[in-house]
$ cat structure.cif   # mmCIF, C-alpha atoms
data_protein
loop_
_atom_site.label_atom_id
_atom_site.label_comp_id
_atom_site.auth_asym_id
_atom_site.auth_seq_id
_atom_site.Cartn_x
_atom_site.Cartn_y
_atom_site.Cartn_z
CA MET A 1 -21.46 -33.48 -19.81
CA THR A 2 -21.93 -30.12 -18.11
CA PRO A 3 -19.28 -27.52 -19.02
CA THR A 4 -17.19 -26.23 -16.13
CA PRO A 5 -18.14 -22.61 -15.45
CA THR A 6 -15.46 -20.00 -15.84
CA PRO A 7 -14.41 -18.77 -12.39
CA THR A 8 -15.29 -15.19 -11.56
CA PRO A 9 -12.19 -13.07 -10.91
CA VAL A 10 -11.56 -12.56 -7.21
CA HIS A 11 -11.33 -9.07 -5.78
CA TRP A 12 -8.14 -8.76 -3.70
CA LYS A 13 -5.85 -6.32 -1.95
CA LEU A 14 -2.27 -6.65 -0.78
CA VAL A 15 -2.06 -6.38 3.02
CA ILE A 16 1.22 -5.18 4.50
CA ASP A 17 2.06 -5.38 8.20
CA ALA A 18 3.38 -2.12 9.62
CA ALA A 19 4.48 -0.48 12.86
CA ASP A 20 3.05 2.84 11.61
CA PRO A 21 0.42 2.13 8.94
CA HIS A 22 -0.33 5.81 8.32
CA ALA A 23 3.30 6.73 7.61
CA GLN A 24 3.54 3.69 5.32
CA ALA A 25 0.36 4.76 3.52
CA ASP A 26 1.78 8.24 2.97
CA PHE A 27 5.05 6.80 1.64
CA TRP A 28 3.43 4.29 -0.73
CA ALA A 29 0.80 6.75 -1.96
CA ALA A 30 3.62 9.12 -2.93
CA ALA A 31 5.79 6.31 -4.32
CA LEU A 32 3.03 4.87 -6.55
CA GLY A 33 1.01 7.99 -7.33
CA TYR A 34 -1.91 6.41 -5.43
CA GLU A 35 -4.39 8.11 -3.09
CA VAL A 36 -4.65 7.46 0.63
CA GLU A 37 -8.20 6.32 1.25
CA ASP A 38 -10.40 8.74 3.17
CA ASN A 39 -12.58 6.67 5.49
CA SER A 40 -13.49 9.65 7.70
CA THR A 41 -17.23 9.66 6.88
CA PHE A 42 -17.43 5.94 7.66
CA VAL A 43 -15.37 6.34 10.86
CA GLU A 44 -17.58 9.24 12.01
CA ARG A 45 -20.70 7.18 11.33
CA LEU A 46 -19.37 4.21 13.31
CA LEU A 47 -18.39 6.51 16.19
CA SER A 48 -21.85 8.13 16.25
CA LEU A 49 -23.52 4.69 16.34
CA GLY A 50 -21.27 3.56 19.19
CA ALA A 51 -19.97 0.77 16.96
CA LEU A 52 -16.38 2.00 17.15
CA PRO A 53 -14.65 3.20 20.32
CA ALA A 54 -12.86 6.54 20.09
CA GLU A 55 -9.57 4.87 21.07
CA ALA A 56 -9.74 2.85 17.84
CA THR A 57 -9.34 6.07 15.84
CA ILE A 58 -6.70 8.73 15.29
CA ASP A 59 -6.55 12.12 13.64
CA PHE A 60 -4.85 11.64 10.26
CA HIS A 61 -4.26 14.75 8.18
CA GLY A 62 -7.03 16.56 10.02
CA ARG A 63 -9.70 13.88 9.71
CA PRO A 64 -10.69 10.83 11.75
CA ALA A 65 -9.22 7.52 10.62
CA PHE A 66 -8.98 3.96 11.87
CA ARG A 67 -6.00 3.71 14.23
CA ASP A 68 -4.73 0.35 13.02
CA LEU A 69 -5.69 0.20 9.32
CA ILE A 70 -5.36 2.45 6.31
CA ALA A 71 -5.16 1.79 2.60
CA VAL A 72 -3.99 3.45 -0.59
CA ARG A 73 -5.75 2.97 -3.90
CA HIS A 74 -5.15 3.65 -7.58
CA PRO A 75 -6.72 7.05 -8.38
CA ASP A 76 -8.51 5.73 -11.49
CA ASP A 77 -10.18 2.78 -9.77
CA PRO A 78 -13.72 2.88 -8.39
CA TYR A 79 -14.39 3.19 -4.69
CA ASP A 80 -17.28 3.00 -2.26
CA GLN A 81 -18.11 6.68 -1.70
CA GLU A 82 -19.94 6.01 1.58
CA ARG A 83 -17.02 4.18 3.20
CA GLY A 84 -14.09 5.53 1.16
CA ILE A 85 -12.87 2.00 0.45
CA GLY A 86 -11.29 1.26 -2.91
CA LEU A 87 -12.80 -1.40 -5.16
CA GLY A 88 -9.73 -1.94 -7.32
CA ARG A 89 -5.96 -1.92 -6.91
CA ARG A 90 -5.15 -1.33 -3.22
CA LEU A 91 -2.49 -1.73 -0.57
CA LEU A 92 -3.80 -2.04 2.98
CA PHE A 93 -1.44 -1.32 5.87
CA GLN A 94 -2.28 -2.93 9.20
CA ARG A 95 -0.61 -2.22 12.53
CA VAL A 96 1.21 -5.19 14.06
CA PRO A 97 3.19 -5.25 17.32
CA GLU A 98 6.24 -7.14 16.07
CA PRO A 99 8.97 -5.59 13.90
CA LYS A 100 9.98 -6.91 10.49
CA THR A 101 12.74 -9.47 11.03
CA VAL A 102 13.38 -11.36 7.77
CA LYS A 103 13.40 -10.85 4.02
CA ASN A 104 10.02 -10.37 2.34
CA ARG A 105 8.52 -13.39 0.63
CA LEU A 106 6.52 -11.04 -1.59
CA HIS A 107 7.51 -7.63 -2.91
CA LEU A 108 6.51 -4.94 -5.37
CA ASP A 109 8.43 -4.24 -8.57
CA LEU A 110 8.12 -0.65 -9.72
CA HIS A 111 8.54 0.11 -13.43
CA PRO A 112 9.07 3.85 -13.94
CA GLY A 113 9.79 3.50 -17.66
CA GLU A 114 12.77 3.25 -19.97
CA GLY A 115 15.73 5.35 -18.84
CA ARG A 116 13.99 6.61 -15.67
CA ARG A 117 15.33 4.17 -13.06
CA ALA A 118 18.02 6.46 -11.59
CA ASP A 119 15.64 9.41 -11.25
CA GLU A 120 12.98 7.18 -9.68
CA VAL A 121 15.47 5.73 -7.17
CA GLU A 122 16.48 9.28 -6.23
CA ARG A 123 12.83 10.34 -5.85
CA LEU A 124 12.00 7.32 -3.69
CA ALA A 125 15.07 7.91 -1.51
CA ALA A 126 13.89 11.48 -0.96
CA LEU A 127 10.55 10.04 0.23
CA GLY A 128 12.35 7.90 2.83
CA ALA A 129 13.34 4.70 1.01
CA SER A 130 16.88 3.37 1.08
CA VAL A 131 18.97 1.62 -1.55
CA LEU A 132 19.95 -1.89 -0.48
CA ARG A 133 21.82 -2.97 -3.60
CA GLN A 134 22.08 -2.58 -7.36
CA VAL A 135 21.68 -5.75 -9.39
CA LYS A 136 23.08 -6.38 -12.85
CA GLU A 137 22.45 -9.85 -14.27
CA PRO A 138 22.03 -11.33 -17.73
CA ALA A 139 18.25 -11.20 -17.08
CA GLY A 140 18.33 -7.45 -16.48
CA GLU A 141 19.18 -4.62 -14.11
CA TRP A 142 17.28 -3.24 -11.15
CA VAL A 143 17.75 -1.58 -7.79
CA VAL A 144 16.63 -3.27 -4.58
CA MET A 145 15.30 -0.71 -2.13
CA ALA A 146 13.60 -0.74 1.27
CA ASP A 147 10.64 1.39 2.32
CA PRO A 148 10.83 3.36 5.60
CA GLU A 149 9.98 0.20 7.62
CA GLY A 150 12.49 -2.01 5.80
CA ASN A 151 10.17 -3.80 3.35
CA GLU A 152 12.10 -4.62 0.19
CA PHE A 153 10.94 -3.62 -3.26
CA CYS A 154 12.62 -3.33 -6.66
CA VAL A 155 12.88 -0.54 -9.19
CA GLN A 156 13.30 -1.89 -12.71
#
$ encode --input "structure.cif" --output "structure tokens"
Amino acid sequence: MTPTPTPTPVHWKLVIDAADPHAQADFWAAALGYEVEDNSTFVERLLSLGALPAEATIDFHGRPAFRDLIAVRHPDDPYDQERGIGLGRRLLFQRVPEPKTVKNRLHLDLHPGEGRRADEVERLAALGASVLRQVKEPAGEWVVMADPEGNEFCVQ
């Protein structure tokens, strides 16, 4: 009997629909201590080859970027230096035409550390998040917040 091979871990990213992906990237980079990916060298190369129309780009913080996509990545994770694309923990924001209309089926839980919840909620609110409710249950306490586009997340 042939042993079943162990599956190779799958590389993944969390994709989040957004009306303004660049504003969302700025918010989440600040919220998580992540870095907004710099794809400008890749974008410039695609433009020079005629593989990307100029209208598919925008100026983002003084450099060319894809108009409809941008990601944030963990600063300690590897990334493709030629394209600026993270190879580890990432959130990718993609422009969609429709607004958010219902509760998330998936959300992030942020864990700032013991005794730091109130300060973290205050910091996130200053970045543009809003407090939706405070929860206190036998299983624990947390604050449900919404990012600037209304996507729910929790602060433990």
$ closest_residue --input "structure.cif" --among "A:Leu127, A:Ala118, A:Val96, A:Ala18" --to "Gly150 of chain A" --atoms "all atoms listed in the file"
A:Ala18
$ residues_near_point --input "structure.cif" --point "(-15.2, 5.4, 7.0)" --cutoff "12 Å" --atoms "only C-alpha atoms" --output "PyMOL selection string"
chain A and resi 37-48+51-52+57+63-67+69-71+79-86
$ atom_distance --input "structure.cif" --atom1 "atom CA of Phe60 of chain A" --atom2 "atom CA of Asp109 of chain A"
28.0 Å
$ closest_residue --input "structure.cif" --among "A:Arg89, A:Lys100, A:His22, A:His107" --to "Asp68 of chain A" --atoms "only C-alpha atoms"
A:His22
$ residues_around --input "structure.cif" --residues "Arg105 of chain A" --least-positions-apart "6" --cutoff "12 Å" --atoms "all atoms listed in the file" --output "ChimeraX atom specification"
/A:16,151-153
$ residues_near_point --input "structure.cif" --point "(-10.6, 2.1, -8.1)" --cutoff "6 Å" --atoms "only C-alpha atoms" --output "PDB file with C-alpha atoms, keeping the file's coordinate frame"
ATOM      1  CA  HIS A  74      -5.150   3.650  -7.580  1.00  0.00           C
ATOM      2  CA  ASP A  76      -8.510   5.730 -11.490  1.00  0.00           C
ATOM      3  CA  ASP A  77     -10.180   2.780  -9.770  1.00  0.00           C
ATOM      4  CA  PRO A  78     -13.720   2.880  -8.390  1.00  0.00           C
ATOM      5  CA  TYR A  79     -14.390   3.190  -4.690  1.00  0.00           C
ATOM      6  CA  GLY A  86     -11.290   1.260  -2.910  1.00  0.00           C
ATOM      7  CA  LEU A  87     -12.800  -1.400  -5.160  1.00  0.00           C
ATOM      8  CA  GLY A  88      -9.730  -1.940  -7.320  1.00  0.00           C
TER       9      GLY A  88
END
$ closest_residue --input "structure.cif" --among "A:Pro75, A:Pro112, A:Pro138, A:Pro97" --to "Asp17 of chain A" --atoms "only C-alpha atoms"
A:Pro97
$ closest_residue --input "structure.cif" --among "A:Trp12, A:Gln156, A:Thr2, A:Glu122" --to "Lys136 of chain A" --atoms "all atoms listed in the file"
A:Gln156
$ resolve_selection --input "structure.cif" --expression "the PyMOL selection byres ((chain A and resi 143) around 9)" --output "ChimeraX atom specification"
/A:117-118,121,131-136,141-142,144-145,153-156
$ build_atoms --input "structure.cif" --residues "segment 94-106 of chain A" --atoms "N, CA and C atoms" --output "tab-separated table (two decimals), keeping the file's coordinate frame"
chain	number	residue	atom	x	y	z
A	94	GLN	N	-1.68	-2.61	7.91
A	94	GLN	CA	-2.28	-2.93	9.20
A	94	GLN	C	-1.20	-2.91	10.28
A	95	ARG	N	-1.55	-2.31	11.41
A	95	ARG	CA	-0.61	-2.22	12.53
A	95	ARG	C	-0.41	-3.61	13.14
A	96	VAL	N	0.85	-3.96	13.36
A	96	VAL	CA	1.21	-5.19	14.06
A	96	VAL	C	2.23	-4.83	15.14
A	97	PRO	N	2.28	-5.59	16.23
A	97	PRO	CA	3.19	-5.25	17.32
A	97	PRO	C	4.65	-5.64	17.06
A	98	GLU	N	4.87	-6.66	16.25
A	98	GLU	CA	6.24	-7.14	16.07
A	98	GLU	C	6.92	-6.44	14.90
A	99	PRO	N	8.23	-6.22	15.00
A	99	PRO	CA	8.97	-5.59	13.90
A	99	PRO	C	9.26	-6.59	12.78
A	100	LYS	N	9.57	-6.07	11.61
A	100	LYS	CA	9.98	-6.91	10.49
A	100	LYS	C	11.33	-7.52	10.86
A	101	THR	N	11.49	-8.82	10.63
A	101	THR	CA	12.74	-9.47	11.03
A	101	THR	C	13.45	-10.23	9.90
A	102	VAL	N	12.75	-10.58	8.84
A	102	VAL	CA	13.38	-11.36	7.77
A	102	VAL	C	13.02	-10.76	6.41
A	103	LYS	N	13.66	-11.29	5.39
A	103	LYS	CA	13.40	-10.85	4.02
A	103	LYS	C	11.94	-11.10	3.64
A	104	ASN	N	11.38	-10.19	2.85
A	104	ASN	CA	10.02	-10.37	2.34
A	104	ASN	C	9.94	-11.64	1.50
A	105	ARG	N	8.79	-12.29	1.54
A	105	ARG	CA	8.52	-13.39	0.63
A	105	ARG	C	7.74	-12.89	-0.59
A	106	LEU	N	7.30	-11.67	-0.54
A	106	LEU	CA	6.52	-11.04	-1.59
A	106	LEU	C	6.96	-9.59	-1.63
